[in-house]
Structures are given as C-alpha cells and as structure tokens.
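Undergrad: Below is the structure I would like to discuss, written out as structure tokens.
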Amino acid sequence: MTAVLPSRTARPDRPVGGRLIDQFEYGLDAPICLTWELTYACNLACAHCLSSSGRRDPNELSTAEAEAVIDELQRMQVFYVNVGGGEPTVRPDFWHLLDYAIGHDVGVKFSTNGIKLDKTRAAQLARTDYVDVQISLDGATAEVNDRVRGAGSYATAIRALENLAEAGMKDFKVSVVVTRENAGQLDAFKELTDSFGAQLRITRLRPSGRGADVWDQLHPTQAQQRELYNWLLANGVGVLTGDSFFHLSAFGEALPGLNLCGAGRVVCLIDPVGDVYACPFAIHENFLAGNVRDEGGFQRVWQQSELFADLRNPQTGGACTKCAHFDACRGGCMAAKFFTGLPLDGPDPECVQGYGESALAARDLELVTPRSHIDHSHSGPVRGQPTLLGIPSIPSKICDESPLAGLDLR
Amino acid sequence: MTAAVTPVEPPAEVAFDPARPWRRARSVALRPEPFGALVYHFGNRKLSFLKSKTLVAVVEALADHSSANATLAACGVTEAQHPAYVKALADLARSQMIEPNPEGTP
C-alpha cells in the first residue's frame with residue numbers, strides 16, 4: 001500500500017514551532033474536520049457523485065454503532081463532523097443521530113439535496129443550535145443543475161432553501177461543485193444565495209466515484225480556473241471553499257485557508273459501512289486505513305494505521321518539489337492525481353502552471369486509470385436521472401412522453 | 001440559533017488588558033496536540049490553534065491568577081518572550097477564546 005505514496009524521508013521528527021501548515025503535515029491527534037457518510041442510499045443519481053452512491057449497503061452501521069462512533073468522537077474532542085452520503089436524511093434514524101451528536105458536543109454540518117427539508121424539518125433545524133445545513137446545487141439555473149443532478153433536483157433544492165429561510169434558519173449554505181458548465185455562473189450563485197440570506201460554498205470537482213466518468217467533460221478549463229481564482233480573490237472570505245482550491249494558489253497569491261492536502265493528516269472519511277479512508281475523495285482500497293468496527297475503533301485507526309503514518313510526512317521527492325510554486329500548492333490534490341492515473345509525487349491534473357496537462361498527455365496509452373471497487377450506483381434507471389451522459393430520462397408517467405415519440409412518420 | 005426571535009448582538013469587543021484577570025472562555029474547549037492545542041469555541045464555532053505548550057499552560061492557568069501578567073510569570077514566560085505572549089493573548093481575546101474573569105481580583 002505504501003508503494004503508491006510520494007517519496008518521503010523515513011518518519012522524520014516533528015519540528016518544534018514554525019508554521020502551522022508545517023505542523024499539520026505531521027498530523028494531529030484527532031482530525032480537525034471529519035467527513036462521515038451515513039448511507040450510500042440516495043434518491044438522486046448525480047453524474048459526478050464522488051462516492052458512487054445510489055443503493056443502501058446492507059452492511060451500513062446500525063444506530064447503536066453510529067452512536068458508539070459519536071461517543072468516540074466526543075472522547076477524542078472532534079468538535080464537529082461533516083455528514084453526507086448518499087443522501088443522509090433518507091436514513092430513518094438521521095434526525096435521532098443528529099440530536100445524539102449535538103448532545104455529545106459533536107456539532108453537525110450536513111449536506112443534503114433537500115429532499116426531506118419540508119417546513120416542519122426546516123423549523124426544527126432553525127430551533128437547533130450547533131447544526132449547519134448545506135444544500136447541494138450545481139447550477140444557478142435548473143437547466144445547468146438538472147443536467148448533472150437530475151430533473152427536478154433544482155426545484156427540490158430551491159424549495160428546501162425557501163423553507164429554511166422562512167423558518168428563520170441562519171447561516172445555512174448553498175454548496176456548489178464548480179464545473180465547466182457552471183463556472184460562468186459564480187455571480188449568479190452568489191446572488192441566489194444572498195437572496196435566501198444564505199452563504200455560498202464552492203468546492204472543486206474531483207475525478208472520484210462517478211466523477212471519474214465525467215471529469216474530462218466537466219472539469220473547468222484552464223481559462224475558467226484563472227477566472228475562478230480571480231473571483232475567489234475578489235470575493236474573499238465571504239465565500240467558503242472547504243479549502244479545496246489550494247492548487248489555484250500557484251497562480252500567485254495564496255487563497256485563504258489551509259493550502260495543503262489534509263488527507264490522513266487533518267481530515268479523513270468514515271464511510272457508511274465504517275471504513276476509514278484518508279479523505280472523502282479517496283474511496284479506494286489504496287487509501288483505506290481501517291474500520292471503526294475493528295478493535296480500538298476509530299481512534300486506533302486514526303492514531304495507529306500504517307497508511308496514515310505514511311501520509312504524515314512532508315513530501316520530499318518528485319517533480320513538484322523542484323517547482324518554484326511548490327510551497328504554494330504543495331503538489332495539489334492526491335485523489336485528483338490518483339484517479340487520473342498520475343503519479344502522486346507529480347503535478348495535479350489541473351496544475352495551473354500547465355504541468356498537469358503535459359502529465360495527462362504523457363500517460364501511457366495502455367494505462368487503465370484506477371477505479372474503486374466500491375460502487376453503489378443505482379442498477380436500473382432512476383426517475384429524472386441526469387441527461388449529461390446522453391441517457392434519456394425515464395418519464396415519470398407514461399403520458400409524459402408522446403406515444404409517437406421516436407417514430408418516423410414520413 | 002434561536003435567531004428566529006431576536007438576533008443577538010455579538011458581545012462588544014473587549015480590549016485586552018494584561019493587568020486584569022482573564023480566563024478561558026466558558027464555551028471554549030482545548031484539545032491537546034503535539035505542537036500545542038486546538039481551541040474550539042462552541043458558540044461562534046471558531047477554530048484556532050495554540051502554537052506552543054507554554055501558551056496552552058498559560059491559557060489553562062489564567063483563571064488561577066489575579067492577572068494575565070501574573071499568569072505569564074507563573075508559567076515561566078521570560079521578559080524577552082513577554083510581548084509575544086501578550087500579543088497572542090490579545091488575539092485570543094479578540095476572537096473570544098479568552099474572556100475577562102469577573103471572579104478574579106486584580
């Protein structure tokens with residue numbers, strides 16, 4: 001497993017003092033920011049789903065097991081978790097686990113497509129301290145959004161946003177994955193978000209999960225990356241990014257936040273069956289550190305797994321370390337490199353200095369990019385499924401489509 | 001998030017006076033880390049870091065002393081280091097990680 005990681009000196013000692021970013025490279029006793037996907041079940045079938053979600057896994061953590069994980073996070077002083085999925089709110093015990101976590105000093109920030117956020121739930125959330133909601137939206141218009149997230153998903157998200165605003169919820173977020181198709185809508189996203197009194201959060205598209213299938217088609221162009229960088233500098237701290245655009249820092253000025261790959265160092269992922277991966281974008285056996293059901297639980301995985309120990313060293317070798325911009329971008333995103341078949345000690349596929357494009361072009365023609373063996377995608381057609389891949393959506397009622405459709409009447 | 005009623009004004013910023021008594025804010029938790037500690041404010045959900053173990057000791061000991069200056073002396077902070085620590089505490093006061101200690105007597 002260690003063979004895939006960039007070359008590092010053998011477990012050097014942690015420096016005393018210095019910059020925080022240098023300390024973070026050596027890892028922390030507990031994650032700062034932990035993503036926990038509660039279920040692989042989802043009502044949608046987004047074309048770029050990072051976790052290839054759709055169907056529930058029969059082996060998902062039970063309510064009691066999930067509570068035990070929360071107890072452990074409380075002991076480790078993990079002060080909040082990012083909950084996602086799948087669609088976390090379709091788990092029948094979601095609202096119970098939310099209350100349980102908050103009652104145990106583990107704040108919850110959850111991502112949802114909004115399917116369950118009716119007026120009653122919105123009012124409940126508005127009354128609850130220490131919870132944050134992010135509504136996913138990947139287009140500022142239904143046309144752009146529904147192409148990747150599926151027909152009707154824009155309307156669902158907007159309804160949820162209306163319900164939250166009406167209930168007096170504060171500080172809820174609109175969460176956008178920036179793609180080639182919506183990169184020109186950043187101002188529109190900001191306006192839409194402001195109109196609900198919400199906050200905009202934009203993150204980077206990764207070639208993870210089903211995202212690998214559409215990455216070539218959807219990842220922003222070099223010109224769009226430059227515009228995005230300028231837009232982020234202009235809009236500053238008012239827009240959240242999950243620190244996911246640190247590869248853009250190589251354009252010049254460092255973006256606010258942590259300009260470092262935090263995988264296994266300050267972040268990780270617990271998936272619905274309790275597997276612990278280095279980061280939410282790295283659901284692949286090469287980045288699997290253990291399972292919360294193992295003896296010693298999550299704490300032991302975080303503090304003692306071989307994989308995480310290997311990740312907790314500064315990168316010392318590889319092409320990127322010789323680049324003048326290495327201190328700014330630190331080689332970019334590990335998952336983006338891995339799933340595009342690039343070496344982990346080389347440039348990010350979206351390297352803004354252009355080294356990524358050359359590296360992609362130089363890939364062996366025979367190269368088969370790594371794929372995760374974890375796939376919970378719906379096996380049949382899904383109502384309103386995305387049209388991005390040219391798959392026709394199935395009509396919700398047979399009469400929605402003309403019985404003569406497709407017939408050549410000449 | 002009871003803001004559905006009346007928005008609560010954030011507490012007025014308190015200037016940091018090292019001659020006064022201070023304490024770790026009641027809604028703040030410290031998590032020990034190899035380099036110092038992670039500081040988390042449950043109210044405003046701000047995250048911060050204490051970059052030295054001495055600073056961690058200072059923050060934890062604030063409530064036991066009549067002033068921040070007395071705490072620094074008790075924790076072995078030298079004259080030369082004093083200004084840097086006062087600045088660090090002022091930053092923590094600004095982000096509400098430490099607060100004036102009404103129970104302390106200067």
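In the structure tokens, each chain is lettered A, B, ... as it comes, each chain's residues begin at 1, and ligands are numbered from 1 in order of appearance.
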Please provide as a ChimeraX atom specification all residues within 9 Å of Asp375 (chain A), with the sequence filter that same-chain residues fewer than 2 positions apart are discarded (counting only C-alpha atoms).
TA: /A:51-55,209-210,372-373,377
Undergrad: Which residues, written as a VMD selection string, have at least one atom at most 6 Å from region 47-60 of chain B, with only C-alpha atoms counted and residues fewer than 4 positions away on the same chain left out?
TA: chain B and resid 35 to 40
Undergrad: Starting from chain A, keep only residues with some atom at most 12 Å from an atom of chain B, counting only C-alpha atoms, and report them as a compact mmCIF listing (two decimals) with N, CA and C atoms, in the first residue's frame.
TA:
```txt
# COMPACT_ATOMS: atom_id res chain seq x y z
N ASP A 13 11.37 13.51 12.54
CA ASP A 13 10.76 14.05 13.75
C ASP A 13 10.00 15.33 13.44
N ARG A 14 8.92 15.51 14.16
CA ARG A 14 8.13 16.73 14.03
C ARG A 14 8.96 17.93 14.47
N PRO A 15 8.94 19.02 13.67
CA PRO A 15 9.70 20.21 14.10
C PRO A 15 9.01 20.87 15.30
N VAL A 16 9.76 21.63 16.06
CA VAL A 16 9.18 22.38 17.18
C VAL A 16 8.98 23.81 16.71
N GLY A 17 7.77 24.34 16.92
CA GLY A 17 7.48 25.70 16.48
C GLY A 17 7.28 25.76 14.98
N GLY A 18 7.41 26.98 14.43
CA GLY A 18 7.25 27.14 12.99
C GLY A 18 5.79 27.31 12.58
N ARG A 19 5.56 27.20 11.28
CA ARG A 19 4.22 27.46 10.76
C ARG A 19 3.28 26.29 11.05
N LEU A 20 2.00 26.62 11.21
CA LEU A 20 1.01 25.57 11.47
C LEU A 20 0.95 24.56 10.34
N ILE A 21 1.04 25.06 9.11
CA ILE A 21 0.94 24.17 7.95
C ILE A 21 2.03 23.10 8.00
N ASP A 22 3.20 23.48 8.49
CA ASP A 22 4.28 22.50 8.61
C ASP A 22 3.97 21.48 9.71
N GLN A 23 3.29 21.95 10.76
CA GLN A 23 2.87 21.03 11.82
C GLN A 23 1.80 20.07 11.31
N PHE A 24 0.88 20.59 10.50
CA PHE A 24 -0.23 19.75 10.02
C PHE A 24 0.27 18.60 9.15
N GLU A 25 1.40 18.84 8.47
CA GLU A 25 1.94 17.76 7.63
C GLU A 25 2.29 16.52 8.46
N TYR A 26 2.50 16.74 9.75
CA TYR A 26 2.84 15.61 10.62
C TYR A 26 1.61 15.03 11.31
N GLY A 27 0.44 15.56 10.96
CA GLY A 27 -0.79 15.01 11.50
C GLY A 27 -1.15 15.55 12.87
N LEU A 28 -2.39 15.27 13.27
CA LEU A 28 -2.90 15.71 14.57
C LEU A 28 -3.38 14.48 15.34
N ASP A 29 -3.59 14.66 16.65
CA ASP A 29 -4.06 13.54 17.47
C ASP A 29 -5.49 13.12 17.14
N ALA A 30 -6.23 14.06 16.56
CA ALA A 30 -7.59 13.76 16.10
C ALA A 30 -7.84 14.65 14.89
N PRO A 31 -8.73 14.26 13.99
CA PRO A 31 -8.96 15.12 12.83
C PRO A 31 -9.56 16.46 13.21
N ILE A 32 -9.28 17.50 12.39
CA ILE A 32 -9.93 18.79 12.56
C ILE A 32 -11.32 18.67 11.96
N CYS A 33 -11.35 17.99 10.86
CA CYS A 33 -12.54 18.01 10.06
C CYS A 33 -12.73 16.60 9.52
N GLN A 74 -16.58 12.25 20.60
CA GLN A 74 -16.65 13.15 21.76
C GLN A 74 -15.41 12.97 22.64
N ARG A 75 -15.05 11.72 22.88
CA ARG A 75 -13.85 11.47 23.70
C ARG A 75 -12.59 12.05 23.06
N MET A 76 -12.53 11.96 21.73
CA MET A 76 -11.35 12.47 21.01
C MET A 76 -11.41 13.98 20.78
N GLN A 77 -12.48 14.61 21.23
CA GLN A 77 -12.70 16.04 21.02
C GLN A 77 -12.67 16.44 19.55
N VAL A 78 -13.38 15.65 18.76
CA VAL A 78 -13.64 16.08 17.38
C VAL A 78 -14.89 16.94 17.49
N PHE A 79 -14.72 18.24 17.30
CA PHE A 79 -15.79 19.17 17.68
C PHE A 79 -16.92 19.26 16.66
N TYR A 80 -16.65 18.87 15.43
CA TYR A 80 -17.77 18.77 14.50
C TYR A 80 -17.44 17.83 13.35
N ILE A 102 -25.21 16.24 18.63
CA ILE A 102 -25.22 17.57 19.22
C ILE A 102 -25.21 17.47 20.75
N ASP A 105 -21.63 17.02 22.22
CA ASP A 105 -20.60 18.01 21.85
C ASP A 105 -19.94 17.75 20.50
N VAL A 106 -20.64 17.06 19.63
CA VAL A 106 -20.13 16.89 18.26
C VAL A 106 -21.12 17.63 17.35
N GLY A 107 -20.72 18.80 16.91
CA GLY A 107 -21.58 19.59 16.03
C GLY A 107 -21.69 18.92 14.68
N VAL A 108 -22.79 19.19 14.00
CA VAL A 108 -23.02 18.53 12.71
C VAL A 108 -23.23 19.56 11.63
N LYS A 109 -22.50 19.37 10.54
CA LYS A 109 -22.74 20.13 9.33
C LYS A 109 -23.13 19.10 8.30
N ALA A 122 -37.47 22.13 8.54
CA ALA A 122 -36.75 23.41 8.50
C ALA A 122 -36.91 24.15 9.82
N ALA A 123 -38.14 24.12 10.37
CA ALA A 123 -38.38 24.80 11.65
C ALA A 123 -37.60 24.11 12.76
N GLN A 124 -37.56 22.79 12.71
CA GLN A 124 -36.81 22.02 13.72
C GLN A 124 -35.31 22.40 13.67
N LEU A 125 -34.77 22.49 12.45
CA LEU A 125 -33.36 22.84 12.31
C LEU A 125 -33.08 24.26 12.81
N ALA A 126 -34.03 25.16 12.52
CA ALA A 126 -33.84 26.55 12.93
C ALA A 126 -33.82 26.67 14.46
N ARG A 127 -34.48 25.74 15.13
CA ARG A 127 -34.52 25.76 16.60
C ARG A 127 -33.28 25.10 17.21
N THR A 128 -32.52 24.37 16.39
CA THR A 128 -31.42 23.57 16.92
C THR A 128 -30.10 24.32 16.84
N ASP A 129 -29.43 24.45 17.97
CA ASP A 129 -28.11 25.06 17.96
C ASP A 129 -27.11 24.05 17.43
N TYR A 130 -26.03 24.57 16.88
CA TYR A 130 -24.91 23.70 16.62
C TYR A 130 -25.14 22.74 15.45
N VAL A 131 -26.01 23.15 14.54
CA VAL A 131 -26.16 22.37 13.32
C VAL A 131 -26.06 23.31 12.13
N ASP A 132 -25.43 22.83 11.10
CA ASP A 132 -25.25 23.59 9.87
C ASP A 132 -25.81 22.76 8.72
N LEU A 164 -36.03 26.82 4.65
CA LEU A 164 -35.06 27.19 5.68
C LEU A 164 -35.11 28.69 5.95
N ALA A 165 -35.17 29.48 4.87
CA ALA A 165 -35.20 30.93 5.03
C ALA A 165 -36.47 31.35 5.78
N GLU A 166 -37.57 30.75 5.40
CA GLU A 166 -38.85 31.09 6.02
C GLU A 166 -38.87 30.72 7.50
N ALA A 167 -38.18 29.63 7.84
CA ALA A 167 -38.14 29.18 9.24
C ALA A 167 -37.20 30.03 10.09
N GLY A 168 -36.46 30.95 9.44
CA GLY A 168 -35.55 31.81 10.19
C GLY A 168 -34.21 31.15 10.47
N MET A 169 -33.90 30.10 9.75
CA MET A 169 -32.60 29.45 9.90
C MET A 169 -31.51 30.43 9.50
N LYS A 170 -30.41 30.45 10.27
CA LYS A 170 -29.30 31.36 9.97
C LYS A 170 -28.10 30.55 9.47
N ASP A 171 -27.32 31.20 8.64
CA ASP A 171 -26.03 30.63 8.23
C ASP A 171 -26.11 29.30 7.49
N PHE A 172 -27.21 29.03 6.83
CA PHE A 172 -27.20 27.81 6.03
C PHE A 172 -26.46 28.07 4.72
N GLY A 257 -7.21 30.06 3.94
CA GLY A 257 -7.45 28.68 4.36
C GLY A 257 -6.19 27.85 4.35
N VAL A 266 -5.15 15.86 8.71
CA VAL A 266 -6.12 16.64 9.48
C VAL A 266 -7.56 16.31 9.09
```
Undergrad: Go ahead and compute the interatomic distance for CA of Leu228 (chain A) and CA of Arg201 (chain A), in Å to one decimal.
TA: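 Spanning CA of Leu228 (chain A) to CA of Arg201 (chain A) is a straight-line distance of 13.1 Å.
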Undergrad: Between A:Glu181, A:Gly114, A:Pro349, A:Tyr100, which has the minimum distance to Gly139 (chain A) (counting only C-alpha atoms)?
TA: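 The shortest atom-to-atom distance to Gly139 (chain A) comes from A:Glu181.
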Undergrad: Under the rule that only C-alpha atoms are counted, which of A:Arg147, A:His247, A:Arg56, A:Arg383 is the nearest residue to Gln353 (chain A)?
TA: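 So, comparing all the options, the nearest one is A:His247.
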Undergrad: Using DSSP assignments from the backbone, pull out every residue in chain B that falls under strand (DSSP E or B) and give it to me as a list in words.
TA: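 So the strand (DSSP E or B) residues in chain B would be Trp22, Arg23, Arg24, Val28, Ala29, Leu30, Arg31, Pro32, Glu33, Gly36, Ala37, Leu38, Val39, Tyr40, His41, Leu47, Ser48, Phe49, Leu50, Ile98, Glu99 and Pro100 of chain B.
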Undergrad: Please identify which residues in region 65-159 of chain A DSSP calls helix (DSSP H, G or I) from the backbone, and express them as JSON, numbers by chain.
TA: {"A": [65, 66, 67, 68, 69, 70, 71, 72, 73, 74, 75, 88, 89, 90, 94, 95, 96, 97, 98, 99, 100, 101, 102, 103, 119, 120, 121, 122, 123, 124, 125, 126, 127, 142, 143, 144, 145, 146, 147, 148, 149, 153, 154, 155, 156, 157, 158, 159]}
Undergrad: What gap, in Å, lies between CA of Arg94 (chain B) and CA of Ser249 (chain A)?
TA: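 Computed distance, CA of Arg94 (chain B) to CA of Ser249 (chain A), equals 28.3 Å.
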Undergrad: Need to verify the contact set: region 213-220 of chain A, 8 Å, only C-alpha atoms, exclusion of same-chain residues closer than 6 positions in sequence. Can you return it as number ranges by chain?
TA: A: 47-48, 178-181, 183, 205-207
Undergrad: Now that the selection is made, can you save its residues with N, CA and C atoms as a short mmCIF file (atom, residue, chain, number, x, y, z; two decimals), in the first residue's frame?
TA:
```
data_model
loop_
_atom_site.label_atom_id
_atom_site.label_comp_id
_atom_site.auth_asym_id
_atom_site.auth_seq_id
_atom_site.Cartn_x
_atom_site.Cartn_y
_atom_site.Cartn_z
N ALA A 47 -24.43 12.72 -11.85
CA ALA A 47 -23.44 12.19 -12.78
C ALA A 47 -22.03 12.19 -12.18
N HIS A 48 -21.76 13.11 -11.24
CA HIS A 48 -20.40 13.28 -10.73
C HIS A 48 -20.26 12.84 -9.28
N VAL A 178 -17.86 23.25 -8.60
CA VAL A 178 -17.61 24.06 -9.79
C VAL A 178 -17.27 23.16 -10.99
N THR A 179 -18.03 23.33 -12.06
CA THR A 179 -17.81 22.55 -13.28
C THR A 179 -17.64 23.48 -14.47
N ARG A 180 -17.28 22.87 -15.58
CA ARG A 180 -17.14 23.65 -16.81
C ARG A 180 -18.46 24.33 -17.18
N GLU A 181 -19.57 23.69 -16.80
CA GLU A 181 -20.89 24.20 -17.19
C GLU A 181 -21.43 25.29 -16.27
N ALA A 183 -19.21 27.23 -14.19
CA ALA A 183 -18.14 28.14 -13.78
C ALA A 183 -18.46 29.59 -14.15
N LEU A 205 -14.42 20.00 -8.25
CA LEU A 205 -14.82 18.71 -8.81
C LEU A 205 -13.62 17.76 -8.81
N ARG A 206 -13.80 16.58 -8.25
CA ARG A 206 -12.73 15.59 -8.26
C ARG A 206 -13.13 14.40 -9.14
N PRO A 207 -12.13 13.73 -9.72
CA PRO A 207 -12.44 12.56 -10.56
C PRO A 207 -12.66 11.32 -9.70
#
```
Undergrad: Could you tell me how far CA of Asp138 (chain A) lies from CA of Thr203 (chain A), in Å and to one decimal?
TA: 10.3 Å
Undergrad: Can you tell me, as a PyMOL selection string, what residues are no more than 10 Å from region 16-23 of chain B when counting only C-alpha atoms, ignoring any on the same chain fewer than 5 positions away?
TA: chain B and resi 58-72+86-87+89-94+97-106
